[in-house]
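Okay, structure-v2.cif now, which holds mmCIF, C-alpha atoms and all ligand atoms:
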```cif
data_coords
loop_
_atom_site.label_atom_id
_atom_site.label_comp_id
_atom_site.auth_asym_id
_atom_site.auth_seq_id
_atom_site.Cartn_x
_atom_site.Cartn_y
_atom_site.Cartn_z
CA MET A 1163 -2.10 25.88 9.80
CA ARG A 1164 -5.27 25.60 11.79
CA ALA A 1165 -5.33 22.74 14.25
CA SER A 1166 -8.58 21.15 13.23
CA PRO A 1167 -9.74 18.02 15.04
CA LEU A 1168 -9.03 16.04 11.88
CA VAL A 1169 -5.45 17.21 11.74
CA MET A 1170 -5.12 16.21 15.37
CA MET A 1171 -6.34 12.76 14.42
CA ALA A 1172 -3.49 12.43 11.99
CA PHE A 1173 -1.10 13.66 14.66
CA PHE A 1174 -2.50 11.23 17.21
CA LEU A 1175 -1.49 8.33 15.08
CA LEU A 1176 1.97 9.77 14.97
CA SER A 1177 2.23 10.18 18.74
CA SER A 1178 0.98 6.67 19.36
CA CYS A 1179 4.43 5.60 18.24
CA GLY A 1180 5.62 5.64 21.83
CA SER A 1181 8.78 7.18 23.18
CA GLY A 1182 10.39 7.31 19.76
CA GLY A 1183 7.63 9.59 18.52
CA GLU A 1184 9.64 12.73 19.12
CA ALA A 1185 11.87 11.74 16.24
CA TYR A 1186 9.03 12.67 13.90
CA SER A 1187 7.91 16.12 13.11
CA LEU A 1188 4.55 16.24 11.44
CA SER A 1189 5.06 19.88 10.70
CA SER A 1190 2.32 22.11 9.45
CA SER A 1191 4.20 22.36 6.18
CA ALA A 1192 4.04 18.60 5.76
CA LEU A 1193 0.28 18.78 5.94
CA SER A 1194 -0.18 21.87 3.83
CA PHE A 1195 1.89 20.85 0.86
CA SER A 1196 -0.74 19.54 -1.42
CA GLU A 1197 -3.89 20.87 -2.89
CA PRO A 1198 -6.68 18.34 -3.27
CA GLU A 1199 -6.64 18.79 -7.04
CA ALA A 1200 -2.99 17.90 -7.47
CA SER A 1201 -1.99 14.51 -6.20
CA THR A 1202 1.45 14.98 -7.68
CA SER A 1203 2.02 17.67 -5.06
CA LEU A 1204 1.74 15.00 -2.42
CA LEU A 1205 4.12 12.83 -4.35
CA ASP A 1206 6.62 15.68 -4.26
CA SER A 1207 5.95 16.49 -0.63
CA VAL A 1208 6.58 12.97 0.58
CA SER A 1209 10.09 13.05 -0.81
CA SER A 1210 10.55 16.41 0.84
CA SER A 1211 9.32 15.21 4.20
CA GLY A 1212 11.58 12.21 3.90
CA GLU A 1213 14.45 14.65 3.67
CA SER A 1214 13.35 16.65 6.64
CA SER A 1215 12.87 13.55 8.79
CA ALA A 1216 16.40 12.48 8.04
CA SER A 1217 17.88 15.95 8.03
CA SER A 1218 19.53 15.64 11.43
CA SER A 1219 22.22 13.48 9.88
CA GLU A 1220 22.23 14.37 6.21
CA ALA A 1221 20.83 17.83 5.74
CA GLY A 1222 20.21 18.72 2.14
CA SER A 1223 20.51 15.22 0.70
CA SER A 1224 17.74 13.61 -1.23
CA SER A 1225 15.87 10.82 0.46
CA ALA A 1226 17.58 8.30 -1.79
CA GLU A 1227 21.02 9.56 -0.88
CA VAL A 1228 20.63 9.55 2.87
CA SER A 1229 20.39 5.77 3.13
CA SER A 1230 24.15 5.44 3.19
CA GLU A 1231 25.80 2.42 4.75
CA SER A 1232 26.96 4.44 7.73
CA SER A 1233 23.55 5.71 8.69
CA VAL A 1234 21.99 2.28 8.15
CA SER A 1235 24.48 0.53 10.39
CA SER A 1236 24.11 3.13 13.12
CA SER A 1237 20.33 2.73 12.90
CA ARG A 1238 20.70 -0.97 13.43
CA SER A 1239 23.04 -0.55 16.36
CA SER A 1240 20.63 1.51 18.41
CA GLU A 1241 16.97 0.68 18.82
CA ASN A 1242 16.19 4.23 19.85
CA GLU A 1243 17.57 5.84 16.75
CA PRO A 1244 15.05 6.44 13.95
CA LEU A 1245 15.66 4.63 10.68
CA GLU A 1246 15.71 6.40 7.36
CA PRO A 1247 12.08 6.81 6.25
CA LEU A 1248 10.22 4.00 4.60
CA SER A 1249 7.14 5.17 2.69
CA VAL A 1250 4.17 3.25 1.40
CA ILE A 1251 2.13 5.44 -0.94
CA ALA A 1252 -1.42 4.32 -1.65
CA LEU A 1253 -2.63 5.97 -4.84
CA GLU A 1254 -6.11 7.37 -5.28
CA MET A 1255 -8.03 5.16 -7.68
CA LYS A 1256 -10.20 6.81 -10.31
CA SER A 1257 -12.82 4.16 -11.03
CA THR A 1258 -14.40 1.16 -9.39
CA TYR A 1259 -12.00 -1.17 -7.59
CA GLY A 1260 -8.30 -0.79 -8.35
CA ASP A 1261 -5.20 -1.27 -6.20
CA SER A 1262 -1.85 0.40 -6.70
CA PHE A 1263 0.79 1.40 -4.21
CA LEU A 1264 4.49 2.09 -4.07
CA ILE A 1265 6.95 1.12 -1.39
CA LYS A 1266 10.10 3.21 -1.13
CA GLN A 1267 13.12 3.11 1.15
CA GLY A 1268 16.07 5.13 -0.12
CA ASP A 1269 16.60 4.12 -3.72
CA TYR A 1270 14.74 0.81 -3.34
CA GLU A 1271 11.24 0.94 -4.80
CA VAL A 1272 8.50 -1.63 -5.20
CA LEU A 1273 5.39 -1.10 -7.31
CA VAL A 1274 2.48 -3.29 -6.28
CA ASP A 1275 -0.22 -3.42 -8.97
CA ALA A 1276 -1.23 -0.58 -11.28
CA GLY A 1277 -4.94 0.01 -10.70
CA THR A 1278 -7.34 0.11 -13.64
CA ALA A 1279 -6.50 1.43 -17.12
CA SER A 1280 -7.87 4.84 -16.06
CA ASP A 1281 -5.29 5.02 -13.26
CA ALA A 1282 -2.35 4.70 -15.65
CA SER A 1283 -1.30 8.36 -15.57
CA THR A 1284 -1.46 8.43 -11.76
CA VAL A 1285 0.68 5.32 -11.50
CA GLN A 1286 3.16 6.58 -14.08
CA ALA A 1287 3.44 9.94 -12.30
CA ALA A 1288 4.17 8.12 -9.04
CA ILE A 1289 6.84 5.98 -10.70
CA ASP A 1290 8.42 9.06 -12.28
CA THR A 1291 8.42 10.87 -8.94
CA TYR A 1292 9.70 8.13 -6.70
CA VAL A 1293 11.98 6.02 -8.88
CA GLU A 1294 14.71 8.64 -8.88
CA ASP A 1295 17.44 6.23 -9.97
CA ASP A 1296 15.37 5.02 -12.96
CA VAL A 1297 15.47 1.46 -11.63
CA LEU A 1298 12.23 0.07 -10.27
CA ASP A 1299 13.66 -2.62 -8.03
CA LEU A 1300 10.61 -4.84 -7.82
CA LEU A 1301 7.27 -5.09 -9.56
CA VAL A 1302 4.65 -7.22 -7.81
CA LEU A 1303 1.47 -8.12 -9.64
CA THR A 1304 -0.75 -9.68 -6.99
CA HIS A 1305 -3.10 -11.37 -9.46
CA PHE A 1306 -4.33 -11.19 -13.04
CA HIS A 1307 -7.40 -8.97 -12.71
CA THR A 1308 -7.74 -5.83 -14.83
CA ASP A 1309 -8.10 -3.53 -11.82
CA HIS A 1310 -4.60 -4.57 -10.77
CA ILE A 1311 -2.95 -4.90 -14.19
CA GLY A 1312 -4.18 -1.51 -15.39
CA LYS A 1313 -2.13 -0.51 -18.41
CA MET A 1314 0.81 -2.77 -17.61
CA THR A 1315 0.15 -4.43 -20.93
CA ASP A 1316 3.15 -3.08 -22.80
CA ALA A 1317 6.72 -2.44 -21.65
CA SER A 1318 6.40 1.18 -22.80
CA PHE A 1319 4.27 1.67 -19.67
CA PHE A 1320 7.53 2.06 -17.74
CA GLY A 1321 9.12 4.46 -20.21
CA ASP A 1322 12.84 4.82 -19.54
CA ILE A 1323 12.61 3.12 -16.17
CA SER A 1324 14.04 -0.38 -15.99
CA VAL A 1325 12.39 -3.08 -13.91
CA ASN A 1326 14.85 -5.13 -11.93
CA ALA A 1327 12.63 -8.00 -10.74
CA ILE A 1328 9.05 -9.18 -11.19
CA VAL A 1329 6.99 -11.43 -8.95
CA ASP A 1330 3.52 -12.67 -9.90
CA PRO A 1331 1.29 -15.71 -9.24
CA GLY A 1332 2.77 -17.53 -12.25
CA VAL A 1333 -0.53 -19.07 -13.33
CA VAL A 1334 -1.82 -18.94 -16.89
CA TYR A 1335 -5.11 -17.08 -17.18
CA SER A 1336 -6.64 -16.52 -20.58
CA SER A 1337 -8.09 -13.02 -20.25
CA SER A 1338 -6.76 -10.52 -22.78
CA ALA A 1339 -5.33 -8.35 -19.97
CA ALA A 1340 -3.54 -11.33 -18.43
CA ARG A 1341 -2.12 -12.34 -21.82
CA SER A 1342 -0.93 -8.80 -22.44
CA PHE A 1343 0.67 -8.57 -19.01
CA THR A 1344 2.44 -11.86 -19.61
CA ALA A 1345 3.72 -10.63 -22.98
CA MET A 1346 4.96 -7.44 -21.30
CA ARG A 1347 6.64 -9.52 -18.62
CA ASP A 1348 8.40 -11.60 -21.30
CA GLU A 1349 9.56 -8.41 -22.99
CA LEU A 1350 10.95 -7.05 -19.71
CA VAL A 1351 12.71 -10.35 -19.04
CA ALA A 1352 14.22 -10.20 -22.54
CA ASN A 1353 15.50 -6.75 -21.58
CA GLY A 1354 17.13 -8.07 -18.41
CA SER A 1355 14.44 -8.21 -15.70
CA ARG A 1356 14.51 -11.20 -13.38
CA TYR A 1357 11.21 -13.03 -13.06
CA TYR A 1358 10.08 -15.09 -10.08
CA PRO A 1359 6.74 -16.89 -10.07
CA VAL A 1360 5.80 -16.97 -6.37
CA TYR A 1361 5.87 -20.78 -6.32
CA ASP A 1362 9.56 -20.71 -7.20
CA LEU A 1363 10.27 -18.29 -4.38
CA LEU A 1364 8.45 -20.49 -1.88
CA TYR A 1365 9.55 -23.91 -3.11
CA GLY A 1366 12.46 -23.29 -5.49
CA SER A 1367 15.90 -22.06 -4.71
CA ASP A 1368 17.34 -18.54 -4.73
CA PRO A 1369 16.38 -15.98 -3.65
CA GLY A 1370 13.74 -17.74 -1.54
CA PRO A 1371 10.66 -16.18 0.07
CA ARG A 1372 12.45 -13.89 2.53
CA TRP A 1373 14.33 -10.96 1.06
CA ASP A 1374 16.58 -8.89 3.27
CA ILE A 1375 17.10 -5.74 1.29
CA GLU A 1376 20.74 -4.95 1.96
CA GLY A 1377 21.66 -1.38 2.76
CA HIS A 1378 18.06 -0.40 3.48
CA GLY A 1379 17.80 -0.24 7.25
CA GLY A 1380 16.85 -3.86 7.77
CA LEU A 1381 13.91 -3.73 5.37
CA THR A 1382 12.67 -7.27 4.79
CA ILE A 1383 10.09 -8.49 2.32
CA GLU A 1384 8.69 -11.98 2.78
CA PHE A 1385 6.27 -13.94 0.61
CA PHE A 1386 3.86 -16.47 2.13
CA ASP A 1387 1.86 -19.42 0.90
CA THR A 1388 -1.89 -18.82 0.90
CA GLY A 1389 -2.67 -22.47 0.23
CA PHE A 1390 -3.39 -21.67 -3.41
CA VAL A 1391 0.07 -21.24 -4.87
CA LYS A 1392 0.35 -23.06 -8.20
CA GLU A 1393 3.34 -24.39 -10.08
CA PRO A 1394 4.40 -21.90 -12.76
CA GLY A 1395 2.51 -22.34 -16.00
CA THR A 1396 -0.52 -23.99 -14.38
CA SER A 1397 -3.72 -23.00 -16.16
CA TYR A 1398 -6.25 -21.53 -13.78
CA GLY A 1399 -9.50 -20.11 -15.12
CA GLY A 1400 -11.32 -19.69 -11.80
CA ASP A 1401 -11.53 -16.62 -9.58
CA GLN A 1402 -8.08 -15.04 -9.83
CA ASN A 1403 -8.52 -13.50 -6.37
CA ASN A 1404 -7.65 -16.95 -5.01
CA THR A 1405 -4.17 -16.62 -6.49
CA SER A 1406 -3.44 -13.26 -4.83
CA LEU A 1407 0.13 -12.98 -3.57
CA ALA A 1408 0.61 -12.35 0.12
CA PHE A 1409 3.70 -10.68 1.51
CA THR A 1410 4.90 -8.80 4.55
CA LEU A 1411 7.26 -5.92 5.13
CA GLU A 1412 9.34 -5.70 8.25
CA TYR A 1413 10.85 -2.34 9.07
CA GLY A 1414 12.17 -1.49 12.52
CA GLU A 1415 9.39 -2.35 14.92
CA THR A 1416 6.65 -2.17 12.28
CA ARG A 1417 5.07 -5.03 10.34
CA TRP A 1418 3.00 -4.61 7.21
CA LEU A 1419 0.76 -7.15 5.45
CA PHE A 1420 -0.41 -6.99 1.85
CA ALA A 1421 -2.47 -9.74 0.24
CA GLY A 1422 -4.14 -8.34 -2.87
CA ASP A 1423 -7.74 -9.46 -3.22
CA LEU A 1424 -7.34 -12.61 -1.16
CA PRO A 1425 -10.78 -14.02 -0.27
CA GLY A 1426 -11.72 -14.79 3.32
CA SER A 1427 -11.59 -18.52 2.62
CA ARG A 1428 -7.84 -18.25 2.01
CA GLU A 1429 -7.01 -16.01 4.95
CA ALA A 1430 -6.83 -18.89 7.46
CA ASP A 1431 -4.17 -20.57 5.32
CA LEU A 1432 -2.22 -17.34 5.18
CA VAL A 1433 -2.34 -17.02 8.97
CA LYS A 1434 -1.18 -20.64 9.25
CA SER A 1435 1.77 -19.97 6.93
CA ILE A 1436 2.89 -16.90 8.85
CA LYS A 1437 2.51 -18.73 12.17
CA GLU A 1438 4.64 -21.59 10.88
CA GLU A 1439 7.35 -19.12 9.96
CA ASP A 1440 7.13 -17.09 13.18
CA PRO A 1441 4.06 -17.20 15.47
CA SER A 1442 5.08 -13.94 17.15
CA TYR A 1443 5.65 -12.05 13.90
CA PHE A 1444 2.80 -9.60 14.42
CA ALA A 1445 2.34 -10.12 18.17
CA ASP A 1446 5.83 -8.82 18.95
CA SER A 1447 5.58 -5.84 16.65
CA SER A 1448 4.83 -2.40 18.08
CA PHE A 1449 2.82 -1.30 15.07
CA ASN A 1450 0.97 -3.40 12.48
CA VAL A 1451 -0.26 -2.01 9.18
CA PHE A 1452 -2.72 -3.90 6.99
CA LYS A 1453 -3.82 -3.23 3.45
CA ALA A 1454 -7.41 -4.40 3.58
CA CYS A 1455 -7.88 -7.45 1.39
CA HIS A 1456 -10.04 -7.05 -1.72
CA HIS A 1457 -10.69 -3.31 -1.34
CA GLY A 1458 -12.41 -3.83 2.04
CA SER A 1459 -14.72 -6.58 0.87
CA ASP A 1460 -17.04 -8.16 3.42
CA GLY A 1461 -16.07 -11.59 2.09
CA SER A 1462 -12.44 -10.95 3.03
CA ASN A 1463 -10.90 -9.42 6.16
CA THR A 1464 -12.12 -12.17 8.46
CA ASP A 1465 -11.99 -12.17 12.24
CA GLU A 1466 -9.44 -14.94 12.03
CA LEU A 1467 -6.98 -12.80 10.08
CA LEU A 1468 -7.69 -9.60 12.01
CA SER A 1469 -7.37 -11.19 15.45
CA PHE A 1470 -3.96 -12.49 14.37
CA LEU A 1471 -2.85 -9.14 12.99
CA GLU A 1472 -4.41 -6.83 15.56
CA PRO A 1473 -3.87 -3.97 13.09
CA ASP A 1474 -3.03 -0.47 14.30
CA LEU A 1475 -3.60 1.05 10.87
CA VAL A 1476 -5.68 -0.19 7.92
CA PHE A 1477 -5.67 1.35 4.47
CA MET A 1478 -7.90 0.65 1.51
CA MET A 1479 -7.97 1.46 -2.17
CA ALA A 1480 -10.98 1.38 -4.54
CA GLY A 1481 -12.60 4.15 -6.52
CA LEU A 1482 -16.10 5.36 -5.84
CA GLU A 1483 -18.47 3.61 -8.18
CA LYS A 1484 -20.18 5.78 -10.81
CA ARG A 1485 -23.66 5.39 -9.33
CA ASN A 1486 -22.28 6.61 -6.00
CA ARG A 1487 -20.82 9.81 -7.42
CA THR A 1488 -24.08 11.45 -8.44
CA SER A 1489 -26.11 13.95 -6.43
CA SER A 1490 -28.32 11.05 -5.35
CA GLY A 1491 -25.63 10.22 -2.84
CA ILE A 1492 -24.45 6.76 -1.88
CA VAL A 1493 -27.31 4.67 -3.21
CA ASP A 1494 -25.68 1.26 -2.97
CA GLU A 1495 -22.99 -0.31 -0.84
CA GLN A 1496 -19.68 -0.74 -2.57
CA HIS A 1497 -16.10 -1.57 -1.59
CA PRO A 1498 -15.30 -1.00 1.24
CA TYR A 1499 -18.29 -2.72 2.81
CA LEU A 1500 -19.80 -1.97 6.21
CA GLY A 1501 -19.21 -5.50 7.51
CA ALA A 1502 -15.45 -5.24 6.97
CA LEU A 1503 -15.32 -1.72 8.39
CA GLU A 1504 -17.05 -2.85 11.58
CA ARG A 1505 -14.56 -5.69 11.98
CA PHE A 1506 -11.57 -3.35 11.53
CA ARG A 1507 -13.05 -1.09 14.17
CA LEU A 1508 -12.71 -3.80 16.80
CA TYR A 1509 -8.96 -3.15 16.55
CA THR A 1510 -8.48 0.41 15.38
CA GLU A 1511 -10.22 3.57 14.24
CA GLU A 1512 -7.21 4.38 12.07
CA VAL A 1513 -8.83 3.09 8.91
CA TYR A 1514 -8.26 5.15 5.78
CA TRP A 1515 -9.55 4.95 2.23
CA THR A 1516 -8.06 6.72 -0.75
CA SER A 1517 -11.51 7.77 -2.02
CA ILE A 1518 -11.96 9.76 1.21
CA ASN A 1519 -8.39 10.97 1.80
CA GLY A 1520 -6.90 10.90 -1.70
CA THR A 1521 -3.41 9.60 -2.30
CA THR A 1522 -2.00 8.75 1.11
CA ALA A 1523 1.62 8.33 2.12
CA MET A 1524 2.38 6.28 5.20
CA THR A 1525 5.90 6.90 6.41
CA SER A 1526 7.78 5.06 9.12
CA GLU A 1527 11.19 5.51 10.68
CA GLY A 1528 10.86 2.13 12.31
CA LYS A 1529 8.36 3.03 15.04
CA GLY A 1530 4.80 3.97 14.23
CA VAL A 1531 3.64 5.58 11.02
CA ALA A 1532 3.05 9.18 10.02
CA LEU A 1533 0.35 9.96 7.47
CA GLN A 1534 0.12 12.54 4.72
CA MET A 1535 -3.01 12.86 2.62
CA ALA A 1536 -3.34 14.74 -0.66
CA GLY A 1537 -7.10 15.05 -0.43
CA ARG A 1538 -9.36 13.34 -2.92
CA THR A 1539 -9.89 14.58 -6.45
CA GLN A 1540 -13.41 13.18 -6.83
CA ASP A 1541 -16.66 14.14 -5.16
CA TYR A 1542 -19.57 12.34 -3.63
CA TYR A 1543 -22.80 13.58 -2.12
CA TYR A 1544 -24.61 13.14 1.17
CA GLU A 1545 -28.22 14.23 1.69
CA GLY A 1546 -28.12 16.14 -1.60
CA GLU A 1547 -24.98 18.12 -0.80
CA LYS A 1548 -21.48 17.70 -2.09
CA VAL A 1549 -19.29 16.45 0.77
CA ASP A 1550 -16.46 18.87 1.42
CA ARG A 1551 -13.17 17.34 0.29
CA GLU A 1552 -10.98 19.33 2.65
CA ALA A 1553 -13.20 18.52 5.65
CA GLU A 1554 -12.59 14.82 5.07
CA ARG A 1555 -8.99 15.03 3.93
CA PHE A 1556 -7.61 13.66 7.21
CA ALA A 1557 -10.76 11.82 8.29
CA ASN A 1558 -10.70 8.18 9.11
CA VAL A 1559 -13.47 6.28 7.36
CA TYR A 1560 -15.68 6.30 10.48
CA GLN A 1561 -15.66 10.11 10.47
CA SER A 1562 -16.74 10.25 6.84
CA LYS A 1563 -20.18 10.82 5.40
CA TYR A 1564 -19.64 7.65 3.38
CA TYR A 1565 -19.76 5.65 6.60
CA LEU A 1566 -23.02 7.35 7.65
CA ALA A 1567 -24.45 6.66 4.21
CA ILE A 1568 -23.69 2.95 4.12
CA GLN A 1569 -24.90 2.57 7.70
CA SER A 1570 -28.25 3.98 6.62
CA LEU A 1571 -28.37 1.47 3.74
CA ALA A 1572 -27.74 -1.49 6.02
CA CA B 1601 15.55 2.09 -7.44
#
```
Before we go any further, please render this structure as structure tokens.
Amino acid sequence: MRASPLVMMAFFLLSSCGSGGEAYSLSSSALSFSEPEASTSLLDSVSSSGESSASSSEAGSSSAEVSSESSVSSSRSSENEPLEPLSVIALEMKSTYGDSFLIKQGDYEVLVDAGTASDASTVQAAIDTYVEDDVLDLLVLTHFHTDHIGKMTDASFFGDISVNAIVDPGVVYSSSAARSFTAMRDELVANGSRYYPVYDLLYGSDPGPRWDIEGHGGLTIEFFDTGFVKEPGTSYGGDQNNTSLAFTLEYGETRWLFAGDLPGSREADLVKSIKEEDPSYFADSSFNVFKACHHGSDGSNTDELLSFLEPDLVFMMAGLEKRNRTSSGIVDEQHPYLGALERFRLYTEEVYWTSINGTTAMTSEGKGVALQMAGRTQDYYYEGEKVDREAERFANVYQSKYYLAIQSLA
């Protein structure tokens, strides 16, 4: 594999993990697995790389099998020992907006949102690939907008895969997509899924807002109040972005924050909630990962949130808008917006967007994060020429022609 500067960028992120970085091997094979046209190749390759990362103890096992009790307890007993891999896989979105990503540690999987209706096959392929035990352990719908519900409007969306638990904002919103999602949720509950409106997690009883996922290397998921959490069944017809769920992942020395399409006006309340729980939550972490709020909107991703997070890695989902996929080039700003990108840059250059990189897997063994990108499956143009997909496969957003284009529009 040629050592292009862009590949080295991906490797740099890996080696910024500190002394534990040698535990990783971002081998050339890990980067050459997938062709840009086939995002499922990346899905396959991530499982494979999970095996190779853990192969020192459990050669030949699948990534789900290696998270045995013995290896988990030994990981906990020594800070220098890598944990079994945790992967967060951000899926390439096909049309405007859209969020969908999977979290996987061993046989524990979380699906967060399902993009737009046109992303359904991508999301289903990811579920089929990663949910090897046919039990999706947690489904999180961050809020009731169509670019997050996608085709989760009928229980058949999940095929033979059962959904163990569901968390959503619990409000009643009268769009047809929201009604369909709610009907699907009821059907899943009738089939045995547990359902937790976020209000009940925060202010009800079991299981509470902080979930320690037993047998998964100390993986912890925690939900936070954004100041807009409503009692279950409350009708809310306003901007659903306000109701976006916010939650963190804690894994080894890494911290991750996800908050759907939360608007900037709610971010201060989120910071306040996290500070009340643990003011040093992000400050004491060696590596902070942030899913940009609202697809990298300028109205979200405020200085107040970013200065609290001090992110080391930011990732964004959102498809290229139709008008920006013609030979005219990027003719209008879209998500992600320049204002948000400039604010991220005050903290890190490691800012990635699935419409530049394609489906992206972020894998951590407890220190730092290694990246694998499938390459995008859609094209855009700059100065009349199609921008080379492979040239931007490992590019951060500031190295992309998209960034040049929106700078020129500003
Ligand atoms: Ca599972």
Cut-off 6 Å, only C-alpha atoms and all ligand atoms, neighbours of ligand CA 1601 (chain B) as a ChimeraX atom specification: /A:1269-1271,1293,1295,1297-1299
Between A:Met1524, A:Ile1289, A:Val1493, A:Ala1553, single out the one closest to Gly1537 of chain A, counting only C-alpha atoms. A:Ala1553
Would you mind telling me which residue in A:Ala1523, A:Leu1364, A:Val1325, A:Leu1407 lies nearest to Glu1439 of chain A when using only C-alpha atoms?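 Smallest distance to Glu1439 of chain A is found for A:Leu1364.
Minimum distance to Val1451 of chain A across A:Val1250, A:Thr1304, A:Tyr1565, A:Val1391 (counting all atoms listed in the file) occurs at A:Val1250.
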What would the list of residues within 7 Å of (-9.6, -6.2, 17.9) (file frame) look like as a PyMOL selection string, if all atoms listed in the file are what count? chain A and resi 1469+1472+1508-1509
12 Å contact set for Asp1401 of chain A, all atoms listed in the file, chain neighbours under 3 positions out, as a ChimeraX atom specification: /A:1305-1307,1333,1335,1337,1390,1398,1404-1406,1423-1425
For Pro1247 of chain A: contacts at 7 Å, all atoms listed in the file, fewer than 5 positions along chain excluded, given as a PyMOL selection string: chain A and resi 1212+1267+1525-1527
Between A:Val1272, A:Cys1455, A:Ile1323, A:Ile1251, which residue has the minimum interatomic distance to Glu1429 of chain A, considering all atoms listed in the file? A:Cys1455
Skipping near chain neighbours, those fewer than 2 positions away, what residues fall within 12 Å of Asn1353 of chain A using all atoms listed in the file, listed as a list in words?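 The contact residues come out as Ala1317, Ile1323, Ser1324, Val1325, Asn1326, Ala1327, Met1346, Arg1347, Asp1348, Glu1349, Leu1350, Val1351, Ser1355, Arg1356 and Tyr1357 of chain A.
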